[in-house]
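Data file: input.txt. Format and content: compact mmCIF, C-alpha atoms and all ligand atoms.
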# COMPACT_ATOMS: atom_id res chain seq x y z
CA MET O 5 23.09 27.15 15.66
CA GLU O 6 21.78 24.18 13.68
CA SER O 7 18.62 22.52 14.94
CA LYS O 8 18.96 19.32 16.93
CA VAL O 9 16.55 17.79 14.41
CA PHE O 10 19.39 17.41 11.91
CA ASP O 11 21.13 15.05 14.36
CA TYR O 12 18.07 12.81 14.22
CA ILE O 13 17.95 13.04 10.43
CA GLY O 14 21.65 12.17 10.20
CA ARG O 15 21.19 9.19 12.50
CA GLU O 16 18.19 7.96 10.52
CA GLN O 17 20.11 8.40 7.26
CA ALA O 18 22.93 6.28 8.70
CA ARG O 19 20.43 3.62 9.78
CA GLN O 20 18.88 3.54 6.32
CA ASN O 21 22.37 3.32 4.76
CA THR O 22 23.46 0.37 6.86
CA THR O 23 20.43 -1.90 7.37
CA VAL O 24 18.79 -4.44 5.07
CA GLU O 25 15.29 -2.99 4.58
CA LEU O 26 12.68 -5.68 4.03
CA ILE O 27 9.53 -3.86 5.19
CA ALA O 28 7.20 -4.53 2.25
CA SER O 29 5.59 -1.09 2.36
CA GLU O 30 8.83 0.93 2.36
CA ASN O 31 11.09 2.17 -0.39
CA PHE O 32 13.81 4.76 -1.08
CA VAL O 33 12.79 7.80 -3.10
CA SER O 34 15.01 9.55 -5.65
CA ASP O 35 16.88 12.76 -4.85
CA ALA O 36 14.45 14.57 -7.17
CA VAL O 37 11.45 13.44 -5.08
CA LEU O 38 13.25 14.50 -1.89
CA ARG O 39 14.05 17.90 -3.40
CA ALA O 40 10.43 18.48 -4.42
CA VAL O 41 9.09 17.50 -0.99
CA GLY O 42 11.64 19.70 0.76
CA SER O 43 10.80 22.73 -1.39
CA CYS O 44 9.17 26.16 -0.83
CA LEU O 45 5.84 24.64 -1.87
CA THR O 46 5.38 23.71 1.78
CA ASN O 47 4.68 27.41 2.39
CA LYS O 48 1.58 27.58 0.20
CA TYR O 49 -2.05 27.30 1.28
CA ALA O 50 -4.31 26.05 -1.51
CA GLU O 51 -7.59 24.72 -0.08
CA GLY O 52 -9.85 23.81 -2.97
CA TYR O 53 -9.01 22.71 -6.51
CA PRO O 54 -7.71 24.20 -9.73
CA ALA O 55 -10.83 25.96 -11.03
CA GLU O 56 -11.56 24.20 -14.30
CA ARG O 57 -11.00 20.76 -12.87
CA VAL O 58 -14.50 19.52 -12.26
CA SER O 59 -17.43 21.54 -13.46
CA GLY O 60 -19.07 23.16 -10.48
CA ASN O 61 -16.06 23.22 -8.17
CA ARG O 62 -15.30 26.55 -6.64
CA GLY O 63 -11.60 26.85 -7.29
CA ARG O 64 -9.17 27.75 -4.53
CA TYR O 65 -9.94 29.65 -1.36
CA TYR O 66 -6.64 31.60 -1.46
CA GLY O 67 -4.84 33.96 -3.81
CA GLY O 68 -1.48 33.23 -5.37
CA CYS O 69 -2.44 29.72 -6.45
CA GLU O 70 -1.69 30.02 -10.17
CA ILE O 71 1.52 28.00 -9.97
CA VAL O 72 0.22 25.27 -7.64
CA ASN O 73 -2.83 25.00 -9.90
CA ASP O 74 -0.56 24.18 -12.83
CA LEU O 75 1.45 21.80 -10.67
CA GLU O 76 -1.59 19.91 -9.40
CA GLU O 77 -3.05 19.60 -12.90
CA TYR O 78 0.29 18.30 -14.14
CA CYS O 79 0.48 15.79 -11.30
CA CYS O 80 -3.02 14.49 -12.10
CA ALA O 81 -2.25 14.22 -15.83
CA MET O 82 0.97 12.33 -15.14
CA TRP O 83 -0.71 9.75 -12.88
CA LYS O 84 -3.40 9.13 -15.48
CA LYS O 85 -0.57 8.51 -17.94
CA VAL O 86 1.15 6.07 -15.53
CA PHE O 87 -1.97 3.92 -15.34
CA HIS O 88 -3.16 4.52 -18.93
CA THR O 89 -6.52 5.60 -17.57
CA ASP O 90 -9.17 8.24 -18.18
CA TYR O 91 -10.44 7.90 -14.59
CA HIS O 92 -10.59 11.12 -12.61
CA VAL O 93 -7.78 11.44 -10.08
CA ASN O 94 -7.48 13.38 -6.83
CA VAL O 95 -3.85 13.71 -5.66
CA GLN O 96 -4.60 15.59 -2.42
CA PRO O 97 -5.07 12.77 0.14
CA HIS O 98 -2.36 13.10 2.77
CA SER O 99 -2.10 9.32 3.20
CA GLY O 100 -3.60 6.00 2.22
CA ALA O 101 -5.84 6.13 5.31
CA ASN O 102 -7.10 9.59 4.30
CA ALA O 103 -7.69 8.35 0.76
CA ASN O 104 -9.74 5.41 2.03
CA LEU O 105 -11.74 7.59 4.42
CA ALA O 106 -12.63 10.03 1.64
CA ALA O 107 -13.34 7.22 -0.81
CA TYR O 108 -15.83 5.64 1.60
CA MET O 109 -17.43 8.98 2.43
CA SER O 110 -17.83 9.82 -1.27
CA VAL O 111 -20.37 7.05 -1.91
CA LEU O 112 -21.45 5.74 1.52
CA GLN O 113 -23.36 6.91 4.56
CA PRO O 114 -22.24 5.97 8.07
CA GLY O 115 -23.80 2.63 8.93
CA ASP O 116 -23.62 1.29 5.36
CA THR O 117 -22.26 -2.20 4.88
CA ILE O 118 -18.80 -2.84 3.44
CA LEU O 119 -17.46 -6.30 2.56
CA ALA O 120 -13.65 -6.42 2.82
CA MET O 121 -10.66 -8.52 3.82
CA SER O 122 -9.92 -8.42 7.54
CA LEU O 123 -6.62 -7.20 8.99
CA ASN O 124 -5.90 -10.71 10.29
CA ASN O 125 -6.18 -12.20 6.83
CA GLY O 126 -4.01 -9.57 5.17
CA GLY O 127 -6.34 -6.58 4.83
CA HIS O 128 -5.50 -3.09 6.07
CA LEU O 129 -6.39 -1.30 9.29
CA THR O 130 -8.68 1.00 7.28
CA HIS O 131 -10.53 -1.96 5.78
CA GLY O 132 -12.79 -2.24 8.80
CA SER O 133 -10.66 -2.90 11.87
CA SER O 134 -12.76 -2.28 14.97
CA VAL O 135 -10.15 0.15 16.36
CA ASN O 136 -10.18 2.25 13.17
CA PHE O 137 -12.70 4.83 11.84
CA SER O 138 -13.70 2.28 9.20
CA GLY O 139 -14.81 -0.26 11.78
CA LYS O 140 -16.50 2.40 13.91
CA LEU O 141 -18.35 4.20 11.09
CA PHE O 142 -19.45 1.30 8.91
CA ASP O 143 -21.10 -2.06 9.25
CA MET O 144 -18.12 -4.24 8.32
CA LYS O 145 -18.34 -7.78 7.02
CA PHE O 146 -15.27 -9.77 6.11
CA TYR O 147 -14.58 -12.43 3.53
CA ASP O 148 -12.15 -15.18 4.41
CA VAL O 149 -9.08 -16.79 2.93
CA ASP O 150 -8.93 -20.56 2.44
CA ALA O 151 -6.69 -22.95 4.38
CA GLN O 152 -3.67 -22.08 2.18
CA GLY O 153 -4.28 -18.34 2.53
CA PHE O 154 -5.82 -17.62 -0.92
CA ILE O 155 -8.90 -15.36 -1.15
CA ASP O 156 -11.93 -17.65 -0.85
CA PHE O 157 -14.21 -16.48 -3.68
CA ALA O 158 -16.98 -18.85 -2.70
CA ASP O 159 -17.02 -17.03 0.64
CA VAL O 160 -16.96 -13.61 -1.09
CA GLU O 161 -19.95 -14.62 -3.22
CA GLN O 162 -21.88 -16.07 -0.32
CA LYS O 163 -21.31 -13.05 1.95
CA ALA O 164 -22.04 -10.58 -0.86
CA ALA O 165 -25.38 -12.33 -1.46
CA GLU O 166 -26.15 -12.56 2.26
CA TYR O 167 -25.17 -9.06 3.41
CA LYS O 168 -25.90 -7.06 0.23
CA PRO O 169 -23.02 -4.65 0.95
CA ARG O 170 -23.12 -1.14 -0.46
CA LEU O 171 -19.41 -1.47 -1.27
CA ILE O 172 -17.06 -4.40 -1.87
CA LEU O 173 -13.39 -3.73 -1.24
CA ALA O 174 -10.46 -5.63 -2.74
CA GLY O 175 -6.86 -4.95 -1.80
CA ALA O 176 -4.51 -5.91 0.98
CA SER O 177 -1.42 -5.08 3.00
CA ALA O 178 -0.16 -8.61 3.37
CA TYR O 179 -1.38 -10.74 0.48
CA SER O 180 1.23 -12.27 -1.79
CA ARG O 181 -0.95 -13.43 -4.68
CA VAL O 182 -2.61 -11.93 -7.72
CA ILE O 183 -6.01 -10.47 -6.85
CA ASP O 184 -8.69 -11.33 -9.40
CA PHE O 185 -10.28 -7.88 -9.76
CA ALA O 186 -12.53 -9.05 -12.61
CA ARG O 187 -14.10 -11.66 -10.36
CA PHE O 188 -14.67 -9.14 -7.56
CA ALA O 189 -16.18 -6.67 -10.05
CA GLU O 190 -18.57 -9.29 -11.32
CA ILE O 191 -19.72 -10.15 -7.77
CA ALA O 192 -20.14 -6.46 -6.92
CA LYS O 193 -22.21 -5.91 -10.06
CA ARG O 194 -24.42 -8.88 -9.25
CA VAL O 195 -25.35 -7.50 -5.81
CA GLY O 196 -25.47 -3.83 -6.85
CA ALA O 197 -22.46 -2.78 -4.77
CA TYR O 198 -19.81 -0.21 -5.54
CA PHE O 199 -16.50 -1.91 -6.23
CA MET O 200 -13.43 -0.28 -4.69
CA VAL O 201 -9.80 -1.39 -4.95
CA ASP O 202 -7.10 -0.32 -2.52
CA MET O 203 -4.02 -1.06 -4.63
CA ALA O 204 -1.54 0.65 -2.28
CA HIS O 205 0.87 -2.27 -2.11
CA ILE O 206 0.76 -3.42 -5.70
CA ALA O 207 0.31 -0.08 -7.48
CA GLY O 208 3.85 -0.20 -8.86
CA LEU O 209 3.19 -3.67 -10.24
CA VAL O 210 -0.03 -2.44 -11.87
CA ALA O 211 1.90 0.46 -13.43
CA ALA O 212 4.55 -1.90 -14.82
CA GLY O 213 2.08 -4.52 -16.03
CA ASP O 214 3.11 -7.11 -13.43
CA HIS O 215 -0.34 -7.27 -11.85
CA PRO O 216 -3.75 -7.01 -13.56
CA SER O 217 -5.11 -3.47 -13.52
CA PRO O 218 -8.25 -2.51 -11.58
CA PHE O 219 -8.97 0.33 -14.02
CA GLY O 220 -12.08 -0.31 -16.05
CA LEU O 221 -13.35 -2.70 -13.35
CA ALA O 222 -13.42 -0.73 -10.09
CA ASP O 223 -15.56 2.33 -9.43
CA ILE O 224 -12.94 3.75 -7.09
CA VAL O 225 -9.23 2.96 -6.80
CA THR O 226 -7.15 4.23 -3.88
CA THR O 227 -3.41 3.98 -3.40
CA THR O 228 -0.51 5.29 -1.43
CA THR O 229 2.39 6.79 -3.35
CA HIS O 230 5.32 5.63 -1.23
CA LYS O 231 5.35 1.85 -1.49
CA THR O 232 6.09 0.15 -4.81
CA LEU O 233 5.32 3.47 -6.55
CA ARG O 234 8.49 4.84 -4.86
CA GLY O 235 7.15 8.35 -4.37
CA PRO O 236 6.70 10.55 -1.29
CA ARG O 237 4.49 9.45 1.61
CA GLY O 238 0.89 10.19 0.56
CA GLY O 239 -2.32 8.96 -1.04
CA MET O 240 -4.42 9.31 -4.20
CA ILE O 241 -7.94 8.43 -5.30
CA PHE O 242 -8.96 7.48 -8.83
CA CYS O 243 -12.61 7.13 -9.76
CA ARG O 244 -14.94 6.76 -12.69
CA PRO O 245 -15.52 10.27 -14.13
CA GLU O 246 -19.15 10.31 -12.97
CA LEU O 247 -17.98 10.03 -9.33
CA ALA O 248 -15.44 12.87 -9.64
CA LYS O 249 -17.47 15.50 -7.84
CA LYS O 250 -18.38 13.19 -4.98
CA VAL O 251 -14.75 12.12 -4.51
CA ASP O 252 -13.35 15.64 -4.72
CA SER O 253 -15.78 17.01 -2.17
CA ALA O 254 -15.20 14.03 0.13
CA VAL O 255 -11.47 14.92 0.15
CA PHE O 256 -11.98 18.70 0.48
CA PRO O 257 -13.93 20.00 2.33
CA GLY O 258 -15.18 16.59 3.51
CA THR O 259 -12.17 15.15 5.27
CA GLN O 260 -9.15 17.41 4.69
CA GLY O 261 -8.17 21.06 4.66
CA GLY O 262 -5.22 22.46 2.75
CA PRO O 263 -3.43 20.08 0.39
CA LEU O 264 0.29 19.48 0.83
CA GLU O 265 1.53 21.02 -2.41
CA HIS O 266 5.14 20.08 -1.67
CA VAL O 267 4.07 16.43 -1.43
CA ILE O 268 1.96 16.81 -4.58
CA ALA O 269 5.16 18.03 -6.27
CA GLY O 270 6.94 14.89 -5.05
CA LYS O 271 4.04 12.77 -6.34
CA ALA O 272 4.40 14.42 -9.76
CA VAL O 273 8.12 13.63 -9.86
CA ALA O 274 7.37 10.01 -8.89
CA ALA O 275 4.81 9.82 -11.72
CA GLU O 276 7.41 11.03 -14.21
CA GLU O 277 9.76 8.34 -12.95
CA ALA O 278 7.04 5.65 -13.08
CA CYS O 279 6.57 6.36 -16.81
CA THR O 280 10.14 5.32 -17.63
CA GLU O 281 11.39 1.98 -18.94
CA GLU O 282 13.92 2.02 -16.10
CA TYR O 283 11.08 1.97 -13.56
CA ARG O 284 9.30 -0.90 -15.33
CA GLU O 285 12.57 -2.86 -15.27
CA TYR O 286 12.89 -2.06 -11.58
CA ILE O 287 9.43 -3.48 -10.82
CA HIS O 288 10.13 -6.63 -12.87
CA ALA O 289 13.28 -7.06 -10.75
CA VAL O 290 11.31 -6.56 -7.50
CA VAL O 291 9.01 -9.45 -8.48
CA ARG O 292 11.89 -11.66 -9.67
CA ASN O 293 13.83 -11.02 -6.47
CA CYS O 294 10.80 -11.77 -4.32
CA ARG O 295 10.28 -15.14 -6.03
CA ALA O 296 13.96 -15.99 -5.58
CA MET O 297 14.01 -15.15 -1.88
CA CYS O 298 10.69 -16.81 -1.16
CA GLY O 299 11.82 -19.91 -3.09
CA GLU O 300 14.95 -20.11 -0.94
CA PHE O 301 12.91 -20.08 2.27
CA LEU O 302 10.74 -22.86 0.85
CA ARG O 303 13.85 -24.87 -0.05
CA MET O 304 15.10 -24.44 3.51
CA GLY O 305 11.84 -25.94 4.78
CA TYR O 306 10.00 -22.82 5.96
CA ASP O 307 6.24 -22.44 5.74
CA VAL O 308 5.20 -19.61 3.42
CA VAL O 309 1.55 -18.49 3.44
CA THR O 310 -0.06 -19.68 0.15
CA GLY O 311 3.17 -21.56 -0.61
CA GLY O 312 4.74 -18.73 -2.60
CA THR O 313 4.36 -15.27 -4.05
CA ASP O 314 3.26 -13.47 -7.22
CA ASN O 315 4.21 -9.96 -6.15
CA HIS O 316 6.70 -7.95 -4.04
CA LEU O 317 6.09 -9.66 -0.69
CA PHE O 318 5.56 -12.94 1.09
CA LEU O 319 4.65 -14.08 4.59
CA LEU O 320 6.70 -16.53 6.61
CA ASP O 321 4.50 -18.55 8.93
CA LEU O 322 6.68 -19.23 11.99
CA THR O 323 4.15 -21.38 13.84
CA LYS O 324 6.18 -24.55 13.68
CA THR O 325 9.35 -22.80 14.91
CA GLY O 326 7.54 -21.75 18.11
CA LEU O 327 8.91 -18.22 17.63
CA THR O 328 6.71 -15.15 17.60
CA GLY O 329 6.83 -12.57 14.82
CA LYS O 330 7.63 -9.94 17.45
CA ALA O 331 10.65 -11.81 18.81
CA VAL O 332 11.96 -12.42 15.28
CA GLN O 333 11.43 -8.78 14.28
CA ASP O 334 13.32 -7.57 17.38
CA GLU O 335 16.20 -10.03 16.98
CA LEU O 336 16.60 -9.25 13.27
CA ASP O 337 16.70 -5.54 14.18
CA ARG O 338 19.73 -6.35 16.31
CA HIS O 339 21.29 -8.01 13.25
CA GLY O 340 20.64 -5.03 10.96
CA ILE O 341 17.71 -6.60 9.10
CA THR O 342 14.43 -4.67 9.23
CA LEU O 343 11.05 -6.29 8.66
CA ASN O 344 7.73 -6.45 10.47
CA LYS O 345 5.75 -8.97 12.44
CA ASN O 346 2.51 -9.97 10.76
CA CYS O 347 -0.56 -12.02 11.51
CA VAL O 348 -0.97 -15.21 9.51
CA PRO O 349 -4.35 -16.61 8.41
CA ASN O 350 -6.19 -18.17 11.38
CA GLU O 351 -3.78 -16.39 13.70
CA THR O 352 -3.80 -17.59 17.32
CA ARG O 353 -1.56 -14.87 18.75
CA SER O 354 -2.31 -11.19 19.35
CA PRO O 355 -1.41 -8.58 16.68
CA GLN O 356 1.33 -7.42 19.10
CA GLN O 357 3.00 -10.86 19.00
CA THR O 358 1.83 -12.65 15.80
CA SER O 359 2.99 -15.96 14.34
CA GLY O 360 4.50 -14.56 11.17
CA VAL O 361 6.70 -11.96 9.55
CA ARG O 362 6.20 -10.10 6.28
CA ILE O 363 9.11 -9.75 3.87
CA GLY O 364 9.24 -7.42 0.86
CA THR O 365 11.82 -6.74 -1.83
CA ALA O 366 10.90 -3.27 -3.16
CA ALA O 367 13.32 -1.23 -1.03
CA MET O 368 16.48 -3.33 -1.41
CA THR O 369 15.86 -3.75 -5.14
CA THR O 370 16.01 0.05 -5.33
CA LYS O 371 19.40 -0.23 -3.62
CA GLY O 372 20.56 -2.60 -6.35
CA TYR O 373 20.10 -6.00 -4.72
CA LYS O 374 19.81 -8.90 -7.16
CA GLU O 375 18.41 -12.41 -6.69
CA ALA O 376 21.70 -13.72 -5.23
CA ASP O 377 21.75 -10.91 -2.65
CA PHE O 378 18.21 -11.72 -1.50
CA ILE O 379 19.06 -15.42 -1.30
CA ALA O 380 22.07 -14.53 0.86
CA VAL O 381 19.80 -12.48 3.17
CA ALA O 382 17.41 -15.44 3.41
CA HIS O 383 20.32 -17.51 4.75
CA ARG O 384 21.28 -14.75 7.21
CA ILE O 385 17.69 -14.75 8.51
CA ASP O 386 17.68 -18.54 8.70
CA ALA O 387 20.88 -18.46 10.81
CA VAL O 388 19.30 -15.98 13.24
CA LEU O 389 16.09 -18.06 13.52
CA ARG O 390 18.09 -21.24 14.20
CA GLU O 391 20.07 -19.49 16.91
CA MET O 392 16.85 -18.22 18.50
CA GLN O 393 15.30 -21.69 18.43
CA GLN O 394 18.41 -23.20 20.01
CA SER O 395 18.50 -20.69 22.81
CA GLU O 396 14.83 -21.40 23.54
CA THR O 397 15.44 -25.16 24.01
N1 LIG O 401 0.55 -0.47 7.36
C1 LIG O 401 1.12 -0.30 6.04
C2 LIG O 401 1.85 -1.52 5.61
O1 LIG O 401 2.92 -1.68 6.13
O2 LIG O 401 1.39 -2.29 4.80
C3 LIG O 401 0.13 0.09 5.08
O3 LIG O 401 -0.45 1.28 5.46

As structure tokens, what does this structure read like?
Amino acid sequence: MESKVFDYIGREQARQNTTVELIASENFVSDAVLRAVGSCLTNKYAEGYPAERVSGNRGRYYGGCEIVNDLEEYCCAMWKKVFHTDYHVNVQPHSGANANLAAYMSVLQPGDTILAMSLNNGGHLTHGSSVNFSGKLFDMKFYDVDAQGFIDFADVEQKAAEYKPRLILAGASAYSRVIDFARFAEIAKRVGAYFMVDMAHIAGLVAAGDHPSPFGLADIVTTTTHKTLRGPRGGMIFCRPELAKKVDSAVFPGTQGGPLEHVIAGKAVAAEEACTEEYREYIHAVVRNCRAMCGEFLRMGYDVVTGGTDNHLFLLDLTKTGLTGKAVQDELDRHGITLNKNCVPNETRSPQQTSGVRIGTAAMTTKGYKEADFIAVAHRIDAVLREMQQSET
């Protein structure tokens, strides 16, 4: 008898085949990535690291690791190639949240001060939200965005000087503009802070040259592998070589046990794919499509946070429509369009309701959508929003 689970998988596959996927953090992996993640590697325990990796590490804690050692080394080498970097890389974090936890623990002590972007302004839960480990373990300070939604560097400088953070964090989950890593690095240097970049959302753009690279500027770079990088769900940490030992021991044994070698295999396949010209063309198309769709909303009179986009996402500010992000998300679900509610800068509603929605183009570009297709979807969304406004009056 086949497991009931395959009914759920079949239903989810049908949903993914038939909806317009605009969640900015999602994507569709290749069959090769799926095959690697669904392989026999899930059976293998491999706590530890390939022995020669960092001088002083103790190798694996289990026998039979010779093949996963080769695999993990290959995965690391491929990701360094993707980003043209000689930074050390750890491919074991199970997720972006795990990567951030280990990154913090590698160079900080509980109670240390971190300066980051708040969740409300576009940062991530793990960038110091009070309900997350980051907000509970560390003394979090937040820099602001200006009235248009751009990072306010005068505020970053002032707070860095005032709070003397041990670490300054750049990176966001809902920020549609280029992040000036060089400027952050310079501020961090001035106050003697570590500089960390969480490039989870824009990592694919960094790989393709569509966003400035944090390598050479940041001490630590974290990312997920499943967003614009189009790999399996997971995380990675890059760091300057001199921090390698601290980062590795913060991942294992600091915050994780056995690595997921089947996911590491999927990450390696994604790295191979990210090295191709086809992938770079894909990322260029993601950015082009995002500009086209965002431009269409602007032409239709919608408010877009910062007035546009430089990357794979943008935020519609629905304040003047009177609609909540939650209501719009739910109604669009009923129309086969999937996106997520999102806070806007200076949000007045709760994170459960919000005054905005976030729209991304990475997933549907993978499915072959072009600018005209995204413009057509913008009009479909506009029709739904008009209908909702009419039924509210
Ligand atoms: N919460 C995810 C996102 O959607 O951006 C990132 O972890």

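Of the listed residues (O:Gly360, O:Ala275, O:Ala207, O:Leu26), O:Leu26 comes nearest to Ala382 of chain O; the distances count all atoms listed in the file.
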
Taking (4.5, 15.1, -9.9) as a centre in this file's frame and 8 Å as the limit, can you find every polymer residue with an atom that close, using only C-alpha atoms, and give them as a PyMOL selection string? chain O and resi 75-76+78-80+82+268-276

Near Gly68 of chain O, counting all atoms listed in the file, which residues have an atom at most 10 Å away, once you skip same-chain residues fewer than 5 positions from it, shown as an MDAnalysis selection string? chainID O and resid 48:50 73

Show me a table, sorted first by chain and then by increasing residue number, of the residues of chain O having an atom at most 10 Å from ligand LIG 401 (chain O), each with its shortest atom pair and the distance in Å to one decimal, counting all atoms listed in the file and written as a tab-separated table.
residue	atom	partner	partner_atom	distance
O:Ile27	CA	O:LIG401	O1	7.0
O:Ala28	CA	O:LIG401	O1	6.4
O:Ser29	CA	O:LIG401	O1	4.7
O:Glu30	CA	O:LIG401	O1	7.5
O:Ser99	CA	O:LIG401	O3	8.5
O:Gly100	CA	O:LIG401	O3	6.5
O:Ala101	CA	O:LIG401	O3	7.3
O:Leu123	CA	O:LIG401	N1	10.0
O:Gly126	CA	O:LIG401	O2	9.1
O:Gly127	CA	O:LIG401	O2	8.8
O:His128	CA	O:LIG401	C3	6.5
O:Leu129	CA	O:LIG401	N1	7.3
O:Thr130	CA	O:LIG401	O3	8.4
O:Ala176	CA	O:LIG401	O2	7.9
O:Ser177	CA	O:LIG401	O2	4.3
O:Ala178	CA	O:LIG401	O2	6.7
O:Tyr179	CA	O:LIG401	O2	9.9
O:Ala204	CA	O:LIG401	C3	7.6
O:His205	CA	O:LIG401	O2	6.9
O:Thr227	CA	O:LIG401	O3	9.7
O:Thr228	CA	O:LIG401	O3	8.0
O:His230	CA	O:LIG401	O3	9.8
O:Lys231	CA	O:LIG401	O2	8.5
O:Leu343	CA	O:LIG401	O1	9.7
O:Asn344	CA	O:LIG401	O1	8.0
O:Asn346	CA	O:LIG401	O1	9.5
O:Arg362	CA	O:LIG401	O1	9.0

Using all atoms listed in the file, which residues sit within 9 Å of Val255 of chain O once same-chain residues fewer than 2 positions away are excluded, as an mmCIF file with C-alpha atoms, in the frame of the given file?
data_model
loop_
_atom_site.group_PDB
_atom_site.id
_atom_site.type_symbol
_atom_site.label_atom_id
_atom_site.label_comp_id
_atom_site.auth_asym_id
_atom_site.auth_seq_id
_atom_site.Cartn_x
_atom_site.Cartn_y
_atom_site.Cartn_z
ATOM 1 C CA ASN O 94 -7.480 13.380 -6.830
ATOM 2 C CA GLN O 96 -4.600 15.590 -2.420
ATOM 3 C CA PRO O 97 -5.070 12.770 0.140
ATOM 4 C CA ASN O 102 -7.100 9.590 4.300
ATOM 5 C CA ALA O 103 -7.690 8.350 0.760
ATOM 6 C CA LEU O 105 -11.740 7.590 4.420
ATOM 7 C CA ALA O 106 -12.630 10.030 1.640
ATOM 8 C CA ALA O 107 -13.340 7.220 -0.810
ATOM 9 C CA MET O 109 -17.430 8.980 2.430
ATOM 10 C CA SER O 110 -17.830 9.820 -1.270
ATOM 11 C CA LYS O 250 -18.380 13.190 -4.980
ATOM 12 C CA VAL O 251 -14.750 12.120 -4.510
ATOM 13 C CA ASP O 252 -13.350 15.640 -4.720
ATOM 14 C CA SER O 253 -15.780 17.010 -2.170
ATOM 15 C CA PRO O 257 -13.930 20.000 2.330
ATOM 16 C CA GLY O 258 -15.180 16.590 3.510
ATOM 17 C CA THR O 259 -12.170 15.150 5.270
ATOM 18 C CA GLN O 260 -9.150 17.410 4.690
ATOM 19 C CA GLY O 261 -8.170 21.060 4.660
#

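Distances to Thr89 of chain O were evaluated for O:Arg244, O:Glu282, O:Val290, O:Asp321 using only C-alpha atoms, and the minimum falls at O:Arg244.
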
Do a neighbour search on Pro169 of chain O at 7 Å with all atoms listed in the file, toss out local chain neighbours closer than 6 positions, and write the hits as a PDB file with C-alpha atoms, keeping the file's coordinate frame.
ATOM      1  CA  THR O 117     -22.260  -2.200   4.880  1.00  0.00           C
ATOM      2  CA  ILE O 118     -18.800  -2.840   3.440  1.00  0.00           C
ATOM      3  CA  LEU O 119     -17.460  -6.300   2.560  1.00  0.00           C
ATOM      4  CA  ALA O 197     -22.460  -2.780  -4.770  1.00  0.00           C
TER       5      ALA O 197
END

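A straight line drawn from atom CA of Ala222 of chain O to atom CA of Phe185 of chain O is 7.8 Å long.
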
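Reported to one decimal place, the separation of atom CA of Asn125 of chain O from atom CA of Asn350 of chain O is 7.5 Å.
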
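Note that atom CA of Ala296 of chain O and atom CA of Asp334 of chain O are 24.5 Å apart.
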
Just the residues within 9 Å of Thr310 of chain O, please, counting only C-alpha atoms, with nothing from its chain fewer than 5 positions along; format it as an MDAnalysis selection string. chainID O and resid 151:154 180:181 318:319

Using all atoms listed in the file, list the residues that have an atom at most 10 Å from (-26.3, -1.2, 4.3), coordinates as in the file, as JSON, numbers by chain. {"O": [112, 113, 114, 115, 116, 117, 118, 142, 143, 144, 167, 168, 169, 170, 171, 197]}

So which residues touch Ala367 of chain O within 12 Å, counting all atoms listed in the file, skipping near sequence neighbours fewer than 4 positions away, as a short mmCIF file (atom, residue, chain, number, x, y, z; two decimals) with C-alpha atoms, in the frame of the given file?
data_model
loop_
_atom_site.label_atom_id
_atom_site.label_comp_id
_atom_site.auth_asym_id
_atom_site.auth_seq_id
_atom_site.Cartn_x
_atom_site.Cartn_y
_atom_site.Cartn_z
CA GLN O 20 18.88 3.54 6.32
CA ASN O 21 22.37 3.32 4.76
CA THR O 23 20.43 -1.90 7.37
CA VAL O 24 18.79 -4.44 5.07
CA GLU O 25 15.29 -2.99 4.58
CA LEU O 26 12.68 -5.68 4.03
CA ILE O 27 9.53 -3.86 5.19
CA ALA O 28 7.20 -4.53 2.25
CA SER O 29 5.59 -1.09 2.36
CA GLU O 30 8.83 0.93 2.36
CA ASN O 31 11.09 2.17 -0.39
CA PHE O 32 13.81 4.76 -1.08
CA VAL O 33 12.79 7.80 -3.10
CA SER O 34 15.01 9.55 -5.65
CA HIS O 230 5.32 5.63 -1.23
CA LYS O 231 5.35 1.85 -1.49
CA THR O 232 6.09 0.15 -4.81
CA LEU O 233 5.32 3.47 -6.55
CA ARG O 234 8.49 4.84 -4.86
CA GLY O 235 7.15 8.35 -4.37
CA TYR O 286 12.89 -2.06 -11.58
CA ILE O 287 9.43 -3.48 -10.82
CA ALA O 289 13.28 -7.06 -10.75
CA VAL O 290 11.31 -6.56 -7.50
CA VAL O 291 9.01 -9.45 -8.48
CA ASN O 293 13.83 -11.02 -6.47
CA CYS O 294 10.80 -11.77 -4.32
CA HIS O 316 6.70 -7.95 -4.04
CA LEU O 317 6.09 -9.66 -0.69
CA THR O 342 14.43 -4.67 9.23
CA LEU O 343 11.05 -6.29 8.66
CA ILE O 363 9.11 -9.75 3.87
CA LYS O 371 19.40 -0.23 -3.62
CA GLY O 372 20.56 -2.60 -6.35
CA TYR O 373 20.10 -6.00 -4.72
CA LYS O 374 19.81 -8.90 -7.16
CA PHE O 378 18.21 -11.72 -1.50
#

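If all atoms listed in the file are the atoms counted, then among O:Val348, O:Val332, O:Ala366, O:Ala18 the closest residue to Ile206 of chain O is O:Ala366.
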
Using all atoms listed in the file for the distances, tell me which of O:Ile341, O:Arg353, O:Thr365, O:Pro54 is nearest to Arg19 of chain O. O:Ile341

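Shortest atom-to-atom contact with Val201 of chain O among O:Ala248, O:Ala254, O:Met121, O:Met304: O:Met121, counting all atoms listed in the file.
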
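Of the listed residues O:Asp156, O:Glu396, O:Glu166, O:Asp11, the one whose atoms come nearest to Gly326 of chain O is O:Glu396, with distances taken using only C-alpha atoms.
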